[in-house]
$ cat data-v7.cif   # mmCIF, C-alpha atoms and all ligand atoms
data_my_file
loop_
_atom_site.label_atom_id
_atom_site.label_comp_id
_atom_site.auth_asym_id
_atom_site.auth_seq_id
_atom_site.Cartn_x
_atom_site.Cartn_y
_atom_site.Cartn_z
CA GLY A 1 -212.14 -57.22 36.12
CA SER A 2 -211.70 -55.14 39.23
CA THR A 3 -208.65 -55.03 41.48
CA ILE A 4 -208.57 -55.03 45.26
CA GLY A 5 -205.61 -53.29 46.88
CA ILE A 6 -204.39 -54.80 50.14
CA LEU A 7 -202.05 -53.07 52.57
CA GLY A 8 -199.81 -55.73 54.06
CA GLY A 9 -198.60 -58.99 52.58
CA GLY A 10 -198.79 -61.51 55.44
CA GLN A 11 -200.98 -64.57 55.85
CA LEU A 12 -204.16 -62.55 56.28
CA GLY A 13 -203.44 -60.82 52.97
CA ARG A 14 -202.75 -64.22 51.42
CA MET A 15 -206.11 -65.59 52.52
CA ILE A 16 -207.96 -62.43 51.42
CA ALA A 17 -206.24 -62.72 48.03
CA ILE A 18 -207.31 -66.37 47.67
CA ALA A 19 -210.94 -65.45 48.41
CA ALA A 20 -210.72 -62.49 46.03
CA ALA A 21 -209.34 -64.67 43.22
CA GLN A 22 -212.20 -67.12 43.68
CA LEU A 23 -214.67 -64.27 43.18
CA GLY A 24 -212.87 -63.13 40.03
CA TYR A 25 -210.97 -60.17 41.49
CA ARG A 26 -207.31 -59.44 41.07
CA THR A 27 -205.30 -58.26 44.06
CA HIS A 28 -202.44 -55.82 44.40
CA ILE A 29 -200.41 -55.88 47.62
CA TYR A 30 -198.66 -52.83 49.05
CA ALA A 31 -196.13 -53.67 51.75
CA PRO A 32 -192.73 -52.53 52.98
CA GLU A 33 -191.20 -55.98 52.51
CA GLU A 34 -189.78 -57.42 49.32
CA SER A 35 -192.13 -60.37 49.50
CA GLY A 36 -194.33 -62.29 51.93
CA PRO A 37 -197.02 -64.97 52.26
CA ALA A 38 -199.43 -63.02 50.01
CA ALA A 39 -196.91 -62.84 47.15
CA ASP A 40 -197.59 -66.44 46.06
CA VAL A 41 -201.25 -65.60 45.44
CA SER A 42 -201.42 -61.96 44.45
CA PRO A 43 -200.54 -61.09 40.85
CA ARG A 44 -199.21 -57.66 41.84
CA TRP A 45 -196.96 -56.53 44.67
CA THR A 46 -195.59 -53.06 45.23
CA ARG A 47 -192.82 -52.66 47.75
CA GLY A 48 -193.21 -49.32 49.47
CA ALA A 49 -193.08 -47.62 52.82
CA TYR A 50 -196.31 -46.77 54.64
CA GLU A 51 -194.94 -43.21 54.90
CA ASP A 52 -194.39 -42.76 51.14
CA ALA A 53 -197.35 -40.56 50.20
CA ALA A 54 -196.59 -40.51 46.47
CA ALA A 55 -196.28 -44.31 46.23
CA LEU A 56 -199.46 -44.78 48.27
CA ALA A 57 -201.35 -42.39 46.02
CA ALA A 58 -200.18 -44.28 42.91
CA PHE A 59 -201.20 -47.55 44.54
CA ALA A 60 -204.69 -46.24 45.40
CA ASP A 61 -205.06 -44.97 41.83
CA SER A 62 -204.21 -48.43 40.46
CA VAL A 63 -206.96 -50.31 42.31
CA ASP A 64 -210.76 -50.13 42.70
CA VAL A 65 -210.89 -50.46 46.48
CA VAL A 66 -208.22 -50.51 49.20
CA THR A 67 -208.38 -52.69 52.28
CA TYR A 68 -205.81 -53.91 54.80
CA GLU A 69 -204.70 -56.95 56.73
CA PHE A 70 -202.75 -54.92 59.23
CA GLU A 71 -204.08 -51.97 61.23
CA ASN A 72 -200.90 -50.29 62.36
CA ILE A 73 -200.73 -47.91 59.45
CA ASP A 74 -200.10 -44.23 59.98
CA PRO A 75 -203.46 -42.40 59.80
CA ALA A 76 -201.79 -39.86 57.52
CA ALA A 77 -201.16 -42.68 55.03
CA VAL A 78 -204.81 -43.69 55.20
CA ASP A 79 -205.81 -40.09 54.52
CA VAL A 80 -203.62 -40.14 51.38
CA LEU A 81 -205.27 -43.38 50.27
CA SER A 82 -208.76 -42.05 51.04
CA SER A 83 -208.20 -38.97 48.91
CA HIS A 84 -207.25 -41.23 45.97
CA GLY A 85 -209.87 -43.91 46.24
CA LEU A 86 -212.25 -45.99 48.29
CA VAL A 87 -210.77 -47.32 51.55
CA ARG A 88 -212.82 -49.99 53.32
CA PRO A 89 -213.06 -50.13 56.28
CA GLY A 90 -212.55 -46.38 56.54
CA ALA A 91 -209.97 -44.17 58.24
CA HIS A 92 -212.08 -43.60 61.37
CA ALA A 93 -212.26 -47.32 62.20
CA LEU A 94 -208.54 -47.65 61.67
CA ARG A 95 -207.71 -44.66 63.89
CA ILE A 96 -209.70 -46.11 66.78
CA ALA A 97 -208.60 -49.73 66.43
CA GLN A 98 -204.88 -49.00 66.25
CA ASP A 99 -204.93 -47.20 69.59
CA ARG A 100 -205.77 -49.27 72.70
CA LEU A 101 -206.78 -46.23 74.71
CA ALA A 102 -209.05 -44.88 71.97
CA GLU A 103 -210.73 -48.24 71.40
CA LYS A 104 -211.40 -48.81 75.10
CA ARG A 105 -212.85 -45.30 75.49
CA PHE A 106 -214.93 -45.74 72.35
CA VAL A 107 -216.39 -49.03 73.57
CA GLN A 108 -217.00 -47.65 77.07
CA ASP A 109 -218.91 -44.71 75.60
CA LEU A 110 -221.16 -47.20 73.85
CA GLY A 111 -221.90 -48.86 77.20
CA GLY A 112 -219.44 -51.77 76.92
CA LEU A 113 -217.61 -53.23 79.90
CA THR A 114 -213.79 -53.05 79.89
CA ALA A 115 -211.02 -53.80 82.38
CA PRO A 116 -210.24 -50.74 84.51
CA PHE A 117 -207.57 -48.79 82.61
CA ALA A 118 -205.48 -45.64 82.71
CA PRO A 119 -203.20 -43.93 80.20
CA VAL A 120 -199.47 -44.09 80.99
CA GLU A 121 -196.96 -41.66 79.49
CA SER A 122 -194.29 -41.83 82.19
CA LEU A 123 -193.11 -43.84 85.19
CA ASP A 124 -194.93 -41.27 87.35
CA ASP A 125 -198.19 -41.97 85.49
CA LEU A 126 -197.61 -45.69 85.93
CA GLU A 127 -197.21 -45.35 89.69
CA GLN A 128 -200.40 -43.28 89.87
CA ALA A 129 -202.22 -45.79 87.68
CA ILE A 130 -201.16 -48.63 89.99
CA ALA A 131 -202.48 -46.68 92.98
CA LEU A 132 -205.79 -46.33 91.13
CA ILE A 133 -206.18 -49.77 89.52
CA GLY A 134 -204.08 -52.00 91.72
CA SER A 135 -200.85 -53.82 91.00
CA ARG A 136 -202.39 -56.99 89.51
CA ALA A 137 -202.30 -55.47 86.09
CA ILE A 138 -200.89 -55.53 82.56
CA LEU A 139 -198.98 -52.67 81.01
CA LYS A 140 -199.47 -52.60 77.22
CA THR A 141 -198.01 -50.31 74.59
CA ASN A 142 -200.80 -48.20 73.21
CA ARG A 143 -199.90 -49.01 69.62
CA MET A 144 -198.35 -51.75 67.50
CA GLY A 145 -198.70 -54.68 69.93
CA TYR A 146 -199.70 -58.12 68.69
CA ASP A 147 -199.34 -61.72 69.89
CA GLY A 148 -198.71 -60.39 73.41
CA LYS A 149 -195.67 -58.35 72.29
CA GLY A 150 -195.24 -54.99 73.99
CA GLN A 151 -196.85 -56.15 77.23
CA ALA A 152 -195.58 -56.58 80.77
CA ARG A 153 -197.39 -58.26 83.68
CA LEU A 154 -197.29 -56.63 87.09
CA ASN A 155 -197.97 -58.32 90.40
CA ASP A 156 -196.87 -55.79 92.98
CA PRO A 157 -196.15 -52.07 93.03
CA GLY A 158 -192.40 -52.77 92.93
CA ASP A 159 -192.82 -54.12 89.39
CA ALA A 160 -193.45 -50.64 87.97
CA VAL A 161 -189.90 -49.77 86.92
CA GLY A 162 -189.24 -53.18 85.38
CA ALA A 163 -192.51 -53.08 83.42
CA TRP A 164 -191.95 -49.53 82.20
CA ASN A 165 -188.48 -50.50 80.93
CA ALA A 166 -189.71 -53.79 79.48
CA ILE A 167 -192.17 -52.05 77.13
CA GLY A 168 -189.53 -49.54 76.04
CA ARG A 169 -190.83 -46.48 77.97
CA GLN A 170 -193.45 -45.54 75.44
CA SER A 171 -197.06 -44.40 75.34
CA ALA A 172 -199.00 -47.15 77.09
CA ILE A 173 -202.10 -48.22 78.95
CA LEU A 174 -202.31 -49.96 82.31
CA GLU A 175 -205.14 -52.48 82.49
CA GLY A 176 -206.39 -54.19 85.60
CA PHE A 177 -206.05 -57.97 85.39
CA VAL A 178 -209.45 -59.44 84.52
CA THR A 179 -210.50 -62.68 86.18
CA PHE A 180 -212.27 -64.62 83.49
CA ASP A 181 -213.48 -68.14 82.76
CA GLU A 182 -212.81 -68.21 79.04
CA GLU A 183 -212.07 -66.00 76.04
CA PHE A 184 -214.07 -65.59 72.87
CA SER A 185 -214.36 -63.34 69.85
CA VAL A 186 -217.24 -61.86 67.94
CA ILE A 187 -216.51 -61.66 64.23
CA LEU A 188 -219.00 -59.89 62.00
CA ALA A 189 -219.22 -58.74 58.43
CA ARG A 190 -221.00 -55.47 57.69
CA GLY A 191 -221.98 -54.87 54.09
CA ALA A 192 -221.96 -51.59 52.19
CA ASN A 193 -225.74 -51.41 52.79
CA GLY A 194 -225.32 -51.78 56.57
CA GLU A 195 -226.39 -55.41 56.71
CA ILE A 196 -224.59 -57.32 59.51
CA ARG A 197 -223.89 -61.04 59.75
CA PHE A 198 -222.14 -62.77 62.64
CA TRP A 199 -220.19 -66.00 62.69
CA ASP A 200 -220.53 -68.31 65.65
CA SER A 201 -218.25 -67.18 68.45
CA ALA A 202 -215.27 -69.46 68.98
CA ALA A 203 -213.70 -70.23 72.35
CA ASN A 204 -210.14 -68.92 72.02
CA VAL A 205 -207.25 -70.34 74.02
CA HIS A 206 -204.01 -68.36 74.19
CA VAL A 207 -200.63 -69.76 75.14
CA ASP A 208 -197.84 -67.29 75.93
CA GLY A 209 -200.01 -64.43 74.63
CA ILE A 210 -200.47 -66.11 71.23
CA LEU A 211 -203.71 -67.65 70.02
CA ALA A 212 -203.35 -71.44 70.14
CA THR A 213 -206.83 -72.77 69.33
CA SER A 214 -210.32 -71.56 68.38
CA THR A 215 -213.20 -73.97 68.86
CA VAL A 216 -216.90 -73.88 68.00
CA PRO A 217 -219.32 -74.51 69.56
CA ALA A 218 -217.76 -72.50 72.34
CA GLY A 219 -219.70 -74.09 75.19
CA PRO A 220 -222.40 -72.82 77.56
CA ARG A 221 -220.38 -70.29 79.57
CA ILE A 222 -219.46 -68.36 76.43
CA GLU A 223 -222.74 -68.94 74.61
CA ALA A 224 -224.60 -67.26 77.49
CA GLN A 225 -222.62 -64.06 76.80
CA VAL A 226 -222.63 -63.98 73.01
CA ALA A 227 -225.90 -62.04 72.60
CA ALA A 228 -224.66 -59.12 74.73
CA ALA A 229 -221.27 -59.17 73.03
CA ARG A 230 -222.87 -59.15 69.58
CA ALA A 231 -225.12 -56.25 70.50
CA LEU A 232 -222.04 -54.24 71.48
CA ALA A 233 -220.13 -55.30 68.35
CA ALA A 234 -223.05 -54.22 66.14
CA GLN A 235 -223.14 -50.84 67.89
CA VAL A 236 -219.41 -50.43 67.27
CA ALA A 237 -219.78 -51.37 63.60
CA ASP A 238 -222.73 -49.04 63.07
CA ALA A 239 -221.08 -46.15 64.91
CA LEU A 240 -218.01 -46.47 62.65
CA ASP A 241 -220.16 -46.94 59.52
CA TYR A 242 -217.95 -49.98 59.13
CA ILE A 243 -217.65 -51.92 55.86
CA GLY A 244 -215.89 -55.29 55.94
CA VAL A 245 -215.04 -57.85 58.62
CA LEU A 246 -214.65 -56.59 62.19
CA THR A 247 -213.43 -58.57 65.21
CA LEU A 248 -213.95 -57.89 68.90
CA GLU A 249 -212.19 -59.98 71.56
CA PHE A 250 -213.92 -60.60 74.89
CA PHE A 251 -213.32 -62.22 78.26
CA ALA A 252 -216.29 -64.24 79.55
CA SER A 253 -216.37 -63.07 83.18
CA ALA A 254 -218.78 -63.42 86.08
CA ASP A 255 -219.94 -59.85 85.29
CA GLY A 256 -220.64 -60.64 81.63
CA PRO A 257 -218.55 -60.06 78.50
CA VAL A 258 -215.55 -57.79 79.11
CA PHE A 259 -214.26 -56.15 75.91
CA ASN A 260 -210.50 -56.64 75.44
CA GLU A 261 -209.63 -55.25 72.01
CA MET A 262 -210.82 -54.99 68.45
CA ALA A 263 -209.24 -55.60 65.08
CA PRO A 264 -210.56 -53.75 62.00
CA ARG A 265 -209.98 -56.80 59.83
CA VAL A 266 -210.21 -60.53 59.38
CA HIS A 267 -208.83 -62.31 62.42
CA ASN A 268 -206.85 -65.42 63.37
CA SER A 269 -209.75 -66.59 65.56
CA GLY A 270 -211.88 -66.71 62.38
CA HIS A 271 -209.63 -68.97 60.29
CA TRP A 272 -211.93 -71.89 61.13
CA THR A 273 -214.60 -70.27 58.93
CA ILE A 274 -212.73 -71.28 55.73
CA GLU A 275 -213.99 -74.86 56.02
CA GLY A 276 -216.20 -74.59 59.10
CA ALA A 277 -218.71 -71.97 57.97
CA VAL A 278 -220.89 -71.72 54.86
CA THR A 279 -219.03 -68.51 53.90
CA SER A 280 -215.58 -67.69 55.26
CA GLN A 281 -214.54 -64.43 56.89
CA PHE A 282 -212.24 -63.82 53.90
CA GLU A 283 -214.97 -64.25 51.30
CA ASN A 284 -217.41 -62.05 53.20
CA HIS A 285 -214.73 -59.40 53.68
CA VAL A 286 -214.22 -59.31 49.91
CA ARG A 287 -217.96 -59.29 49.31
CA ALA A 288 -218.46 -56.42 51.77
CA ILE A 289 -215.70 -54.15 50.47
CA CYS A 290 -216.79 -54.80 46.87
CA GLY A 291 -220.40 -53.87 47.65
CA LEU A 292 -221.71 -57.40 47.06
CA PRO A 293 -224.35 -59.20 49.15
CA LEU A 294 -222.96 -61.15 52.12
CA GLY A 295 -222.91 -64.95 52.22
CA GLU A 296 -224.50 -67.12 54.87
CA THR A 297 -222.32 -67.38 57.99
CA GLY A 298 -223.80 -70.52 59.60
CA LEU A 299 -221.77 -73.56 60.65
CA ALA A 300 -220.86 -76.22 58.08
CA ALA A 301 -220.08 -78.86 60.71
CA ARG A 302 -221.16 -79.85 64.22
CA ARG A 303 -217.79 -79.03 65.68
CA VAL A 304 -214.81 -77.14 64.31
CA GLU A 305 -211.39 -76.76 65.84
CA MET A 306 -208.66 -74.50 64.47
CA ARG A 307 -205.13 -74.95 65.82
CA ASN A 308 -202.30 -72.58 64.98
CA LEU A 309 -199.03 -74.05 63.81
CA ILE A 310 -196.44 -71.93 65.58
CA GLY A 311 -192.71 -72.22 64.92
CA ALA A 312 -191.58 -75.85 64.68
CA GLN A 313 -195.20 -77.12 64.97
CA ALA A 314 -195.37 -76.64 61.21
CA ASN A 315 -193.18 -79.75 60.94
CA GLU A 316 -196.21 -81.81 62.01
CA TRP A 317 -197.77 -81.37 58.59
CA GLN A 318 -197.44 -85.03 57.57
CA ALA A 319 -199.25 -86.28 60.68
CA ILE A 320 -201.95 -83.66 60.13
CA LEU A 321 -202.51 -84.78 56.55
CA SER A 322 -202.87 -88.40 57.66
CA ASP A 323 -206.10 -87.36 59.44
CA PRO A 324 -208.69 -86.99 56.65
CA ALA A 325 -210.89 -84.66 58.75
CA SER A 326 -208.08 -82.10 59.08
CA HIS A 327 -207.41 -79.29 56.63
CA LEU A 328 -203.84 -78.05 56.52
CA HIS A 329 -202.96 -74.44 55.75
CA LEU A 330 -199.34 -73.41 55.39
CA TYR A 331 -198.45 -69.78 54.76
CA GLY A 332 -195.30 -70.34 52.73
CA LYS A 333 -192.98 -68.78 55.31
CA HIS A 334 -189.44 -70.02 54.95
CA GLU A 335 -188.09 -69.52 58.43
CA ALA A 336 -189.87 -71.28 61.32
CA ARG A 337 -188.81 -68.88 64.07
CA ALA A 338 -190.14 -69.51 67.60
CA GLY A 339 -193.50 -67.81 68.15
CA ARG A 340 -194.04 -67.27 64.42
CA LYS A 341 -197.40 -68.28 62.94
CA MET A 342 -196.43 -70.69 60.12
CA GLY A 343 -199.86 -72.10 59.33
CA HIS A 344 -202.97 -73.56 60.90
CA VAL A 345 -205.03 -76.72 60.81
CA THR A 346 -208.81 -76.92 60.91
CA ARG A 347 -210.52 -80.12 61.96
CA LEU A 348 -214.20 -80.66 61.23
CA THR A 349 -216.58 -83.05 62.97
CA LEU A 350 -219.55 -83.46 60.67
P1 LIG B 401 -203.47 -60.11 69.52
O1 LIG B 401 -202.49 -61.00 68.84
O2 LIG B 401 -204.76 -60.79 69.90
O3 LIG B 401 -203.68 -58.79 68.84
P2 LIG B 401 -202.30 -58.51 71.65
O4 LIG B 401 -200.83 -58.48 71.67
O5 LIG B 401 -203.03 -57.34 71.13
O6 LIG B 401 -202.78 -59.85 70.95
P3 LIG B 401 -204.10 -58.81 73.92
O7 LIG B 401 -205.18 -59.40 73.11
O8 LIG B 401 -204.35 -57.47 74.52
O9 LIG B 401 -202.71 -58.78 73.15
O10 LIG B 401 -203.68 -59.81 75.09
C1 LIG B 401 -203.25 -61.13 74.79
C2 LIG B 401 -203.86 -62.07 75.80
O11 LIG B 401 -203.40 -61.73 77.12
C3 LIG B 401 -205.36 -62.00 75.89
O12 LIG B 401 -206.00 -62.76 74.90
C4 LIG B 401 -205.58 -62.55 77.30
O13 LIG B 401 -205.41 -63.95 77.33
C5 LIG B 401 -204.44 -61.91 78.07
N1 LIG B 401 -204.87 -60.58 78.60
C6 LIG B 401 -204.78 -59.40 77.96
N2 LIG B 401 -205.27 -58.40 78.70
C7 LIG B 401 -205.71 -58.94 79.84
C8 LIG B 401 -206.34 -58.42 81.03
N3 LIG B 401 -206.57 -57.11 81.18
N4 LIG B 401 -206.64 -59.29 82.02
C9 LIG B 401 -206.37 -60.61 81.88
N5 LIG B 401 -205.80 -61.17 80.81
C10 LIG B 401 -205.46 -60.35 79.78
MG MG B 402 -204.24 -57.08 69.53
MG MG B 403 -205.82 -59.95 71.37
#

$ encode --input "data-v7.cif" --output "structure tokens" --more "lines below"
Ligand code: ATP
Ligand code: MG
Ligand code: MG
Amino acid sequence: GSTIGILGGGQLGRMIAIAAAQLGYRTHIYAPEESGPAADVSPRWTRGAYEDAAALAAFADSVDVVTYEFENIDPAAVDVLSSHGLVRPGAHALRIAQDRLAEKRFVQDLGGLTAPFAPVESLDDLEQAIALIGSRAILKTNRMGYDGKGQARLNDPGDAVGAWNAIGRQSAILEGFVTFDEEFSVILARGANGEIRFWDSAANVHVDGILATSTVPAGPRIEAQVAAARALAAQVADALDYIGVLTLEFFASADGPVFNEMAPRVHNSGHWTIEGAVTSQFENHVRAICGLPLGETGLAARRVEMRNLIGAQANEWQAILSDPASHLHLYGKHEARAGRKMGHVTRLTL
């Protein structure tokens, strides 16, 4: 059988590995940690740094295709992998999606709407950016941010110094604060032959910068904007010659869908597809990177709600299991730290 290499060993890697196993593939994780959620499911795990070119080359040589569950990998490492094997999605997609400035410019060039933004490399830049964009804004590190980490909200020009210090005085982007009704994501799978399939767009609710719930159907205000958002997402995927699952996050605003960010991978807002869609995002990701035909992405229920179990919420597992319509997923993490995604629950209404 063939082996899929996965960079990163967290819960996304775990769920990719489960889907891969079901299709008869073996997986081999490469991650800097000793172990992680994917270790329970993947028969092979190599502990190595993302900067270790020799170890990465050996890893790429040991598998048939390399993919990732985590986009913040040094592009130089991806170049090493690419010269030793097939990397899907490719290095170009990764370069763009790991850099907020690059992804916003890329999407703007394709005609997509974004929040007003400006690059910030210094406190001086930040003050100029505020003069340009206004002080109702968010300062975000250009790289490495997730779950709202590496962000600072500004409300008046006097907040500049505090925000610049709060994000650790590093390469950043200032974004104007978008007034929106709701948030949604477009998740698509693009096959090796260029075929694209979309899942239904879920309404995503964030609490403290972390995704709390994803619900489909998303409701009329979002549904009215999905066609335009999909058209943009398909343009992005085609322009990157993308293979695999790609996620774009949007704000549903009075002016139409405003692009927020993209992820070159399976996404938390698509976990509902495991039970709620005919084919899950994980299965179609595996199918795409292995050059197989994509599975149907339609809904398997009338209504699907995914709720993240964050920190101590994972202790609710017994109550969740007492509801027969709910599907419990726990990631096997030992320490329920505050703000840590421990699992999720998906509830179907047939
Ligand atoms: P993720 O875990 O999704 O990768 P992240 O750390 O990359 O999160 P963002 O998606 O950029 O962060 O922002 C997190 C949330 O903060 C958004 O989903 C949205 O609710 C809010 N937000 C971000 N940018 C803006 C903006 N420009 N205007 C208004 N709200 C915003
Ligand atoms: Mg993000
Ligand atoms: Mg986000």

$ atom_distance --input "data-v7.cif" --atom1 "atom CA of A:Pro217" --atom2 "atom O10 of ligand LIG 401 (chain B)"
22.2 Å

$ residues_near_ligand --input "data-v7.cif" --ligand "ligand MG 402 (chain B)" --cutoff "8 Å" --atoms "only C-alpha atoms and all ligand atoms" --output "ChimeraX atom specification"
/A:145-148,261-263

$ residues_around --input "data-v7.cif" --residues "A:Trp317" --least-positions-apart "5" --cutoff "12 Å" --atoms "all atoms listed in the file" --output "list in words"
Asn308, Leu309, Ile310, Ala312, Ser322, Asp323, Ser326, His327, Leu328, His329, Leu330, Met342, Gly343, His344 and Val345 of chain A

$ residues_near_point --input "data-v7.cif" --point "(-215.7, -62.2, 85.9)" --cutoff "12 Å" --atoms "only C-alpha atoms" --output "ChimeraX atom specification"
/A:113-115,177-183,221-222,225,250-259

$ residues_around --input "data-v7.cif" --residues "stretch 5-19 of chain A" --least-positions-apart "6" --cutoff "7 Å" --atoms "all atoms listed in the file" --output "JSON list (two decimals) with C-alpha atoms, in the frame of the given file"
[["chain", "number", "residue", "atom", "x", "y", "z"],
["A", 27, "THR", "CA", -205.30, -58.26, 44.06],
["A", 28, "HIS", "CA", -202.44, -55.82, 44.40],
["A", 29, "ILE", "CA", -200.41, -55.88, 47.62],
["A", 30, "TYR", "CA", -198.66, -52.83, 49.05],
["A", 31, "ALA", "CA", -196.13, -53.67, 51.75],
["A", 36, "GLY", "CA", -194.33, -62.29, 51.93],
["A", 37, "PRO", "CA", -197.02, -64.97, 52.26],
["A", 38, "ALA", "CA", -199.43, -63.02, 50.01],
["A", 39, "ALA", "CA", -196.91, -62.84, 47.15],
["A", 41, "VAL", "CA", -201.25, -65.60, 45.44],
["A", 42, "SER", "CA", -201.42, -61.96, 44.45],
["A", 63, "VAL", "CA", -206.96, -50.31, 42.31],
["A", 65, "VAL", "CA", -210.89, -50.46, 46.48],
["A", 66, "VAL", "CA", -208.22, -50.51, 49.20],
["A", 67, "THR", "CA", -208.38, -52.69, 52.28],
["A", 68, "TYR", "CA", -205.81, -53.91, 54.80],
["A", 69, "GLU", "CA", -204.70, -56.95, 56.73],
["A", 70, "PHE", "CA", -202.75, -54.92, 59.23],
["A", 282, "PHE", "CA", -212.24, -63.82, 53.90],
["A", 283, "GLU", "CA", -214.97, -64.25, 51.30],
["A", 331, "TYR", "CA", -198.45, -69.78, 54.76]]

$ decode --input "data-v7.cif" --residues "stretch 194-216 of chain A" --atoms "N, CA and C atoms" --output "tab-separated table (two decimals), in the first residue's frame"
chain	number	residue	atom	x	y	z
A	194	GLY	N	-8.25	18.96	-11.43
A	194	GLY	CA	-8.82	20.31	-11.44
A	194	GLY	C	-10.29	20.37	-11.08
A	195	GLU	N	-10.90	19.20	-10.87
A	195	GLU	CA	-12.31	19.20	-10.48
A	195	GLU	C	-12.47	19.84	-9.10
A	196	ILE	N	-13.51	20.68	-8.92
A	196	ILE	CA	-13.74	21.33	-7.62
A	196	ILE	C	-15.11	20.94	-7.08
A	197	ARG	N	-15.14	20.58	-5.80
A	197	ARG	CA	-16.41	20.38	-5.10
A	197	ARG	C	-16.42	21.23	-3.84
A	198	PHE	N	-17.59	21.81	-3.56
A	198	PHE	CA	-17.76	22.65	-2.37
A	198	PHE	C	-18.65	21.95	-1.36
A	199	TRP	N	-18.35	22.13	-0.08
A	199	TRP	CA	-19.32	21.76	0.95
A	199	TRP	C	-20.26	22.94	1.17
A	200	ASP	N	-21.39	22.68	1.79
A	200	ASP	CA	-22.24	23.78	2.21
A	200	ASP	C	-21.43	24.70	3.12
A	201	SER	N	-21.72	25.98	3.04
A	201	SER	CA	-21.01	26.92	3.92
A	201	SER	C	-21.69	26.94	5.28
A	202	ALA	N	-20.90	26.79	6.32
A	202	ALA	CA	-21.43	26.84	7.69
A	202	ALA	C	-21.37	28.28	8.20
A	203	ALA	N	-22.33	28.62	9.07
A	203	ALA	CA	-22.25	29.86	9.84
A	203	ALA	C	-21.32	29.60	11.00
A	204	ASN	N	-20.26	30.39	11.11
A	204	ASN	CA	-19.25	30.19	12.15
A	204	ASN	C	-19.37	31.26	13.21
A	205	VAL	N	-19.43	30.82	14.46
A	205	VAL	CA	-19.48	31.77	15.58
A	205	VAL	C	-18.19	31.63	16.38
A	206	HIS	N	-17.51	32.75	16.58
A	206	HIS	CA	-16.26	32.77	17.35
A	206	HIS	C	-16.50	33.38	18.72
A	207	VAL	N	-15.87	32.82	19.72
A	207	VAL	CA	-15.90	33.40	21.06
A	207	VAL	C	-14.45	33.58	21.50
A	208	ASP	N	-14.10	34.80	21.88
A	208	ASP	CA	-12.72	35.11	22.27
A	208	ASP	C	-11.72	34.73	21.18
A	209	GLY	N	-12.10	34.96	19.91
A	209	GLY	CA	-11.18	34.69	18.80
A	209	GLY	C	-11.06	33.22	18.43
A	210	ILE	N	-11.79	32.35	19.12
A	210	ILE	CA	-11.71	30.91	18.84
A	210	ILE	C	-13.05	30.45	18.29
A	211	LEU	N	-13.01	29.61	17.27
A	211	LEU	CA	-14.26	29.08	16.72
A	211	LEU	C	-15.02	28.32	17.81
A	212	ALA	N	-16.30	28.67	17.98
A	212	ALA	CA	-17.12	27.98	18.98
A	212	ALA	C	-18.06	27.00	18.29
A	213	THR	N	-18.81	27.47	17.30
A	213	THR	CA	-19.76	26.59	16.60
A	213	THR	C	-19.74	26.84	15.10
A	214	SER	N	-20.07	25.79	14.35
A	214	SER	CA	-20.33	25.88	12.90
A	214	SER	C	-21.65	25.19	12.64
A	215	THR	N	-22.55	25.90	11.94
A	215	THR	CA	-23.90	25.38	11.73
A	215	THR	C	-24.30	25.46	10.27
A	216	VAL	N	-24.87	24.36	9.76
A	216	VAL	CA	-25.50	24.39	8.43
A	216	VAL	C	-26.93	23.88	8.57
